[in-house]
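Colleague: Let me begin by handing over the structure; questions about it come next.
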Amino acid sequence: MWEYTDKVLDLFYNPKNQGAIEDPNESGVAVVFGEVGSIACGDALRLHLKIEVDADKILDARFQTFGCTSAIASSSALTEIIKGLTLDAALNVSNRDIADYLGGLPEEKMHCSVMGQEALEAAIFKYRGIEVEHHDEDEGALICSCFGVSDNKIRRVVLENDLTTVEQVTSYVKAGGGCSSCAAQIEDLIAAIQEEKATTAKVAAEIATAKEQNRPLTTVQKINLIQSVLQDVRPILIADGGDVELFDVEGDVVKVVLKGACGSCESSTATLKNAIEVRLQERVLPSLVVQAVS
Ligand code: FES
């Protein structure tokens, strides 16, 4: 028997925003849905959004879910969280936000919160005309063939939820929960991510010390710091179907490659300036400028 919080039980017995959204045929308003899972596999969620086109804002959100107590509560929580948000703000909602709204979920049920986050992204990508296969998670190497889970999807839940074991990954995205032949690969991936995190923390500490002592950054420190800023920006770009990769650093010029939707996006210059250059200037050096290379 799972231990559920009162909030989970309340939203299961009295779900808010259940059902579909009919197209109102109003000018300036769009209706879209995104879905994940399949009834044959156990859980399925269809998330409906009503969007104010000019403001790029979610006016209403409703859900249709086939699943367990936590799947229904997570779906209901998600709709409550995202109503009134802009689409960009909604893309920052993580599975952790859904679980926190519910006062927590049993670890074995965390995949329900991940399903909510994925349905939200699916709906927004569909509205924005971004093919799901352009999304970074789906371009990664397949790790778990039983559940069709890529390395990027595992990386994301490991980072966002600070996971350290294969069992936890299985609870969040099901990978490893079938034949288990992917367990060793998942374990290696977790170890690599934890190592990257430890390196990043070490670099951050070295840089903080250098700044405190008014010492200029070494070239290696500068590049490491630039890499860590780009790592922070990547989830935002990935959420929009794009990505960024460091190409080279020449003096104060940081050369990057914009990938996916970012590479072909008309506002890629704004992305470079607002999302990347401003952060680099704040966190690395005020004199840095960013250039896109192809
Ligand atoms: S390949 Fe991952 S559980 Fe079978």
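In the structure tokens, chains take the letters A, B, ... in the order shown, each chain's residues start at 1, and ligands count up from 1 in the order shown.
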Find the residues near ligand 1. Use a cut-off of 9 Å, count only C-alpha atoms and all ligand atoms, and write them as a PyMOL selection string.
Modeller: chain A and resi 143-149+170+174-183+186
Colleague: To test your reading of the structure, identify every residue in region 92-282 of chain A that backbone DSSP assigns to alpha helix (DSSP H), and report it as a ChimeraX atom specification.
Modeller: /A:95-101,110-128,136-139,151-161,166-173,183-212,219-239,260-264,268-270,278-282
Colleague: If you measure from CA of Asp43 (chain A) to CA of Glu22 (chain A), what distance in Å do you get, rounded to one decimal?
Modeller: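 Distance reported for this atom pair: 23.3 Å.
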Colleague: Please provide as a VMD selection string all residues within 8 Å of region 81-93 of chain A, with the sequence filter that same-chain residues fewer than 3 positions apart are discarded (counting only C-alpha atoms).
Modeller: chain A and resid 55 to 61 77 to 78 97 to 98 117 120 to 121 124 236 239
Colleague: Suppose we keep C-alpha atoms; can you now write the selection as a PDB file, in the first residue's frame?
Modeller:
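Dumped everything to out_36.pdb:
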ATOM      1  CA  ALA A  55       0.187  36.912 -24.799  1.00  0.00           C
ATOM      2  CA  ASP A  56       1.503  33.365 -25.353  1.00  0.00           C
ATOM      3  CA  LYS A  57      -0.284  32.527 -22.102  1.00  0.00           C
ATOM      4  CA  ILE A  58      -2.181  29.498 -20.801  1.00  0.00           C
ATOM      5  CA  LEU A  59      -5.769  30.575 -20.121  1.00  0.00           C
ATOM      6  CA  ASP A  60      -6.996  27.130 -19.135  1.00  0.00           C
ATOM      7  CA  ALA A  61      -5.634  23.610 -18.714  1.00  0.00           C
ATOM      8  CA  ALA A  77      -1.700  19.361  -9.908  1.00  0.00           C
ATOM      9  CA  LEU A  78      -0.047  20.168 -13.222  1.00  0.00           C
ATOM     10  CA  ASP A  97       7.474  21.085  -9.064  1.00  0.00           C
ATOM     11  CA  ILE A  98       4.519  18.742  -9.622  1.00  0.00           C
ATOM     12  CA  GLN A 117       5.976  17.303 -17.461  1.00  0.00           C
ATOM     13  CA  LEU A 120       3.078  19.662 -21.034  1.00  0.00           C
ATOM     14  CA  GLU A 121       6.113  19.799 -23.310  1.00  0.00           C
ATOM     15  CA  ILE A 124       3.587  23.260 -26.153  1.00  0.00           C
ATOM     16  CA  ILE A 236      15.844  26.373 -21.631  1.00  0.00           C
ATOM     17  CA  ALA A 239      12.691  22.979 -23.973  1.00  0.00           C
TER      18      ALA A 239
END
Colleague: Write out as a list in words all residues of region 5-85 of chain A that backbone DSSP assigns to strand (DSSP E or B).
Modeller: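 Reading the DSSP output for region 5-85 of chain A, strand (DSSP E or B) covers Gln18, Val29, Ala30, Val31, Val32, Phe33, Gly34, Glu35, Val36, Gly37, Ala44, Leu45, Arg46, Leu47, His48, Leu49, Lys50, Ile51, Glu52, Lys57, Ile58, Leu59, Asp60, Ala61, Arg62, Phe63, Gln64, Thr65 and Phe66 of chain A.
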Colleague: With N, CA and C atoms retained, export the selected residues as a PDB file, in the first residue's frame.
Modeller:
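Generated output (out25.pdb):
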ATOM      1  N   GLN A  18     -10.572  18.218 -14.717  1.00  0.00           N
ATOM      2  CA  GLN A  18     -10.630  16.970 -15.480  1.00  0.00           C
ATOM      3  C   GLN A  18     -11.514  17.165 -16.718  1.00  0.00           C
ATOM      4  N   VAL A  29      -7.541  32.953 -29.649  1.00  0.00           N
ATOM      5  CA  VAL A  29      -7.436  31.849 -28.682  1.00  0.00           C
ATOM      6  C   VAL A  29      -7.201  30.545 -29.446  1.00  0.00           C
ATOM      7  N   ALA A  30      -6.243  29.763 -28.969  1.00  0.00           N
ATOM      8  CA  ALA A  30      -5.974  28.467 -29.607  1.00  0.00           C
ATOM      9  C   ALA A  30      -6.114  27.356 -28.581  1.00  0.00           C
ATOM     10  N   VAL A  31      -6.513  26.187 -29.062  1.00  0.00           N
ATOM     11  CA  VAL A  31      -6.629  25.019 -28.187  1.00  0.00           C
ATOM     12  C   VAL A  31      -5.744  23.924 -28.753  1.00  0.00           C
ATOM     13  N   VAL A  32      -4.985  23.277 -27.871  1.00  0.00           N
ATOM     14  CA  VAL A  32      -4.079  22.226 -28.320  1.00  0.00           C
ATOM     15  C   VAL A  32      -4.018  21.155 -27.232  1.00  0.00           C
ATOM     16  N   PHE A  33      -3.671  19.937 -27.626  1.00  0.00           N
ATOM     17  CA  PHE A  33      -3.429  18.944 -26.573  1.00  0.00           C
ATOM     18  C   PHE A  33      -2.121  18.206 -26.855  1.00  0.00           C
ATOM     19  N   GLY A  34      -1.531  17.723 -25.765  1.00  0.00           N
ATOM     20  CA  GLY A  34      -0.335  16.882 -25.886  1.00  0.00           C
ATOM     21  C   GLY A  34      -0.587  15.614 -25.120  1.00  0.00           C
ATOM     22  N   GLU A  35      -0.058  14.506 -25.626  1.00  0.00           N
ATOM     23  CA  GLU A  35      -0.303  13.265 -24.877  1.00  0.00           C
ATOM     24  C   GLU A  35       0.943  12.423 -24.770  1.00  0.00           C
ATOM     25  N   VAL A  36       0.992  11.671 -23.687  1.00  0.00           N
ATOM     26  CA  VAL A  36       2.105  10.741 -23.454  1.00  0.00           C
ATOM     27  C   VAL A  36       1.548   9.436 -22.899  1.00  0.00           C
ATOM     28  N   GLY A  37       2.355   8.399 -23.026  1.00  0.00           N
ATOM     29  CA  GLY A  37       1.957   7.091 -22.495  1.00  0.00           C
ATOM     30  C   GLY A  37       0.972   6.394 -23.404  1.00  0.00           C
ATOM     31  N   ALA A  44      -1.687   6.773 -19.234  1.00  0.00           N
ATOM     32  CA  ALA A  44      -1.753   7.650 -20.395  1.00  0.00           C
ATOM     33  C   ALA A  44      -2.339   8.983 -19.950  1.00  0.00           C
ATOM     34  N   LEU A  45      -1.776  10.052 -20.487  1.00  0.00           N
ATOM     35  CA  LEU A  45      -2.242  11.395 -20.116  1.00  0.00           C
ATOM     36  C   LEU A  45      -2.401  12.239 -21.361  1.00  0.00           C
ATOM     37  N   ARG A  46      -3.558  12.848 -21.490  1.00  0.00           N
ATOM     38  CA  ARG A  46      -3.783  13.841 -22.544  1.00  0.00           C
ATOM     39  C   ARG A  46      -4.027  15.182 -21.843  1.00  0.00           C
ATOM     40  N   LEU A  47      -3.149  16.124 -22.102  1.00  0.00           N
ATOM     41  CA  LEU A  47      -3.243  17.441 -21.475  1.00  0.00           C
ATOM     42  C   LEU A  47      -3.743  18.448 -22.498  1.00  0.00           C
ATOM     43  N   HIS A  48      -4.818  19.149 -22.143  1.00  0.00           N
ATOM     44  CA  HIS A  48      -5.408  20.139 -23.051  1.00  0.00           C
ATOM     45  C   HIS A  48      -5.063  21.543 -22.568  1.00  0.00           C
ATOM     46  N   LEU A  49      -4.655  22.393 -23.502  1.00  0.00           N
ATOM     47  CA  LEU A  49      -4.338  23.781 -23.154  1.00  0.00           C
ATOM     48  C   LEU A  49      -5.179  24.734 -23.996  1.00  0.00           C
ATOM     49  N   LYS A  50      -5.645  25.793 -23.342  1.00  0.00           N
ATOM     50  CA  LYS A  50      -6.296  26.893 -24.063  1.00  0.00           C
ATOM     51  C   LYS A  50      -5.337  28.070 -23.950  1.00  0.00           C
ATOM     52  N   ILE A  51      -4.924  28.595 -25.083  1.00  0.00           N
ATOM     53  CA  ILE A  51      -3.818  29.561 -25.091  1.00  0.00           C
ATOM     54  C   ILE A  51      -4.266  30.909 -25.666  1.00  0.00           C
ATOM     55  N   GLU A  52      -3.901  31.966 -24.955  1.00  0.00           N
ATOM     56  CA  GLU A  52      -4.128  33.323 -25.485  1.00  0.00           C
ATOM     57  C   GLU A  52      -2.967  33.613 -26.416  1.00  0.00           C
ATOM     58  N   LYS A  57       0.017  32.850 -23.500  1.00  0.00           N
ATOM     59  CA  LYS A  57      -0.284  32.527 -22.102  1.00  0.00           C
ATOM     60  C   LYS A  57      -1.343  31.432 -22.011  1.00  0.00           C
ATOM     61  N   ILE A  58      -1.215  30.586 -20.991  1.00  0.00           N
ATOM     62  CA  ILE A  58      -2.181  29.498 -20.801  1.00  0.00           C
ATOM     63  C   ILE A  58      -3.403  30.030 -20.047  1.00  0.00           C
ATOM     64  N   LEU A  59      -4.538  30.073 -20.749  1.00  0.00           N
ATOM     65  CA  LEU A  59      -5.769  30.575 -20.121  1.00  0.00           C
ATOM     66  C   LEU A  59      -6.440  29.469 -19.319  1.00  0.00           C
ATOM     67  N   ASP A  60      -6.341  28.241 -19.826  1.00  0.00           N
ATOM     68  CA  ASP A  60      -6.996  27.130 -19.135  1.00  0.00           C
ATOM     69  C   ASP A  60      -6.221  25.841 -19.438  1.00  0.00           C
ATOM     70  N   ALA A  61      -6.297  24.909 -18.513  1.00  0.00           N
ATOM     71  CA  ALA A  61      -5.634  23.610 -18.714  1.00  0.00           C
ATOM     72  C   ALA A  61      -6.528  22.538 -18.110  1.00  0.00           C
ATOM     73  N   ARG A  62      -6.697  21.457 -18.863  1.00  0.00           N
ATOM     74  CA  ARG A  62      -7.516  20.342 -18.371  1.00  0.00           C
ATOM     75  C   ARG A  62      -6.830  19.037 -18.757  1.00  0.00           C
ATOM     76  N   PHE A  63      -7.249  17.956 -18.132  1.00  0.00           N
ATOM     77  CA  PHE A  63      -6.556  16.699 -18.414  1.00  0.00           C
ATOM     78  C   PHE A  63      -7.534  15.534 -18.519  1.00  0.00           C
ATOM     79  N   GLN A  64      -7.098  14.529 -19.276  1.00  0.00           N
ATOM     80  CA  GLN A  64      -7.782  13.229 -19.315  1.00  0.00           C
ATOM     81  C   GLN A  64      -6.697  12.193 -19.050  1.00  0.00           C
ATOM     82  N   THR A  65      -6.822  11.482 -17.960  1.00  0.00           N
ATOM     83  CA  THR A  65      -5.766  10.551 -17.554  1.00  0.00           C
ATOM     84  C   THR A  65      -6.329   9.168 -17.296  1.00  0.00           C
ATOM     85  N   PHE A  66      -5.613   8.190 -17.845  1.00  0.00           N
ATOM     86  CA  PHE A  66      -5.896   6.800 -17.497  1.00  0.00           C
ATOM     87  C   PHE A  66      -4.726   6.359 -16.635  1.00  0.00           C
TER      88      PHE A  66
END
Colleague: Taking 2 positions as the minimum chain separation for residues in the same chain, which residues sit within 9 Å of Thr69 (chain A) when counting only C-alpha atoms? Answer as a list in words.
Modeller: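 Returned residues: Tyr4, Val8, Leu9, Leu11, Phe12, Tyr13, Gly67, Ala71, Ile72, Ala73 and Ser74 of chain A.
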Colleague: For Gln281 (chain A), which residue among A:Leu225, A:Ala119, A:Leu163, A:Leu246 is the nearest when counting only C-alpha atoms?
Modeller: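 Result for the nearest residue to Gln281 (chain A): A:Leu225.
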Colleague: Given only C-alpha atoms as the basis, pick out the residue of A:Lys109, A:Lys197, A:Arg283, A:Lys126 nearest to Lys211 (chain A).
Modeller: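 Of all the options, A:Arg283 lies closest to Lys211 (chain A).
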Colleague: So which one's closest to Leu258 (chain A), A:Ile276, A:Ile207, A:Val233, A:Ala292? Using only C-alpha atoms, please.
Modeller: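 So, comparing all the options, the nearest one is A:Ala292.
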Colleague: Could you work out how far CA of Gly42 (chain A) lies from CA of Tyr172 (chain A), giving the answer in Å with one decimal?
Modeller: 14.5 Å
Colleague: What's the separation between CA of Glu80 (chain A) and CA of Leu105 (chain A), in Å to one decimal place?
Modeller: 16.9 Å
Colleague: Give the answer as one residue: which of A:Ala205, A:Ala191, A:Ile223, A:Val114 has the shortest atom-to-atom distance to Glu160 (chain A), using only C-alpha atoms?
Modeller: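 Checking each of A:Ala205, A:Ala191, A:Ile223, A:Val114 against Glu160 (chain A), counting only C-alpha atoms, the winner is A:Val114.
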Colleague: Find the residue from A:Leu189, A:Ile130, A:Ala210, A:Asn274 that sits nearest to Lys153 (chain A); use only C-alpha atoms when measuring.
Modeller: A:Leu189
Colleague: Write out as a ChimeraX atom specification which residues come within 10 Å of Thr5 (chain A) when counting only C-alpha atoms, dropping same-chain ones fewer than 4 positions away.
Modeller: /A:9-10,102-106
Colleague: Between A:Gln185, A:Ser228, A:Ser27, A:Ser294, which has the minimum distance to Val203 (chain A) (counting only C-alpha atoms)?
Modeller: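 Checking each of A:Gln185, A:Ser228, A:Ser27, A:Ser294 against Val203 (chain A), counting only C-alpha atoms, the winner is A:Ser228.
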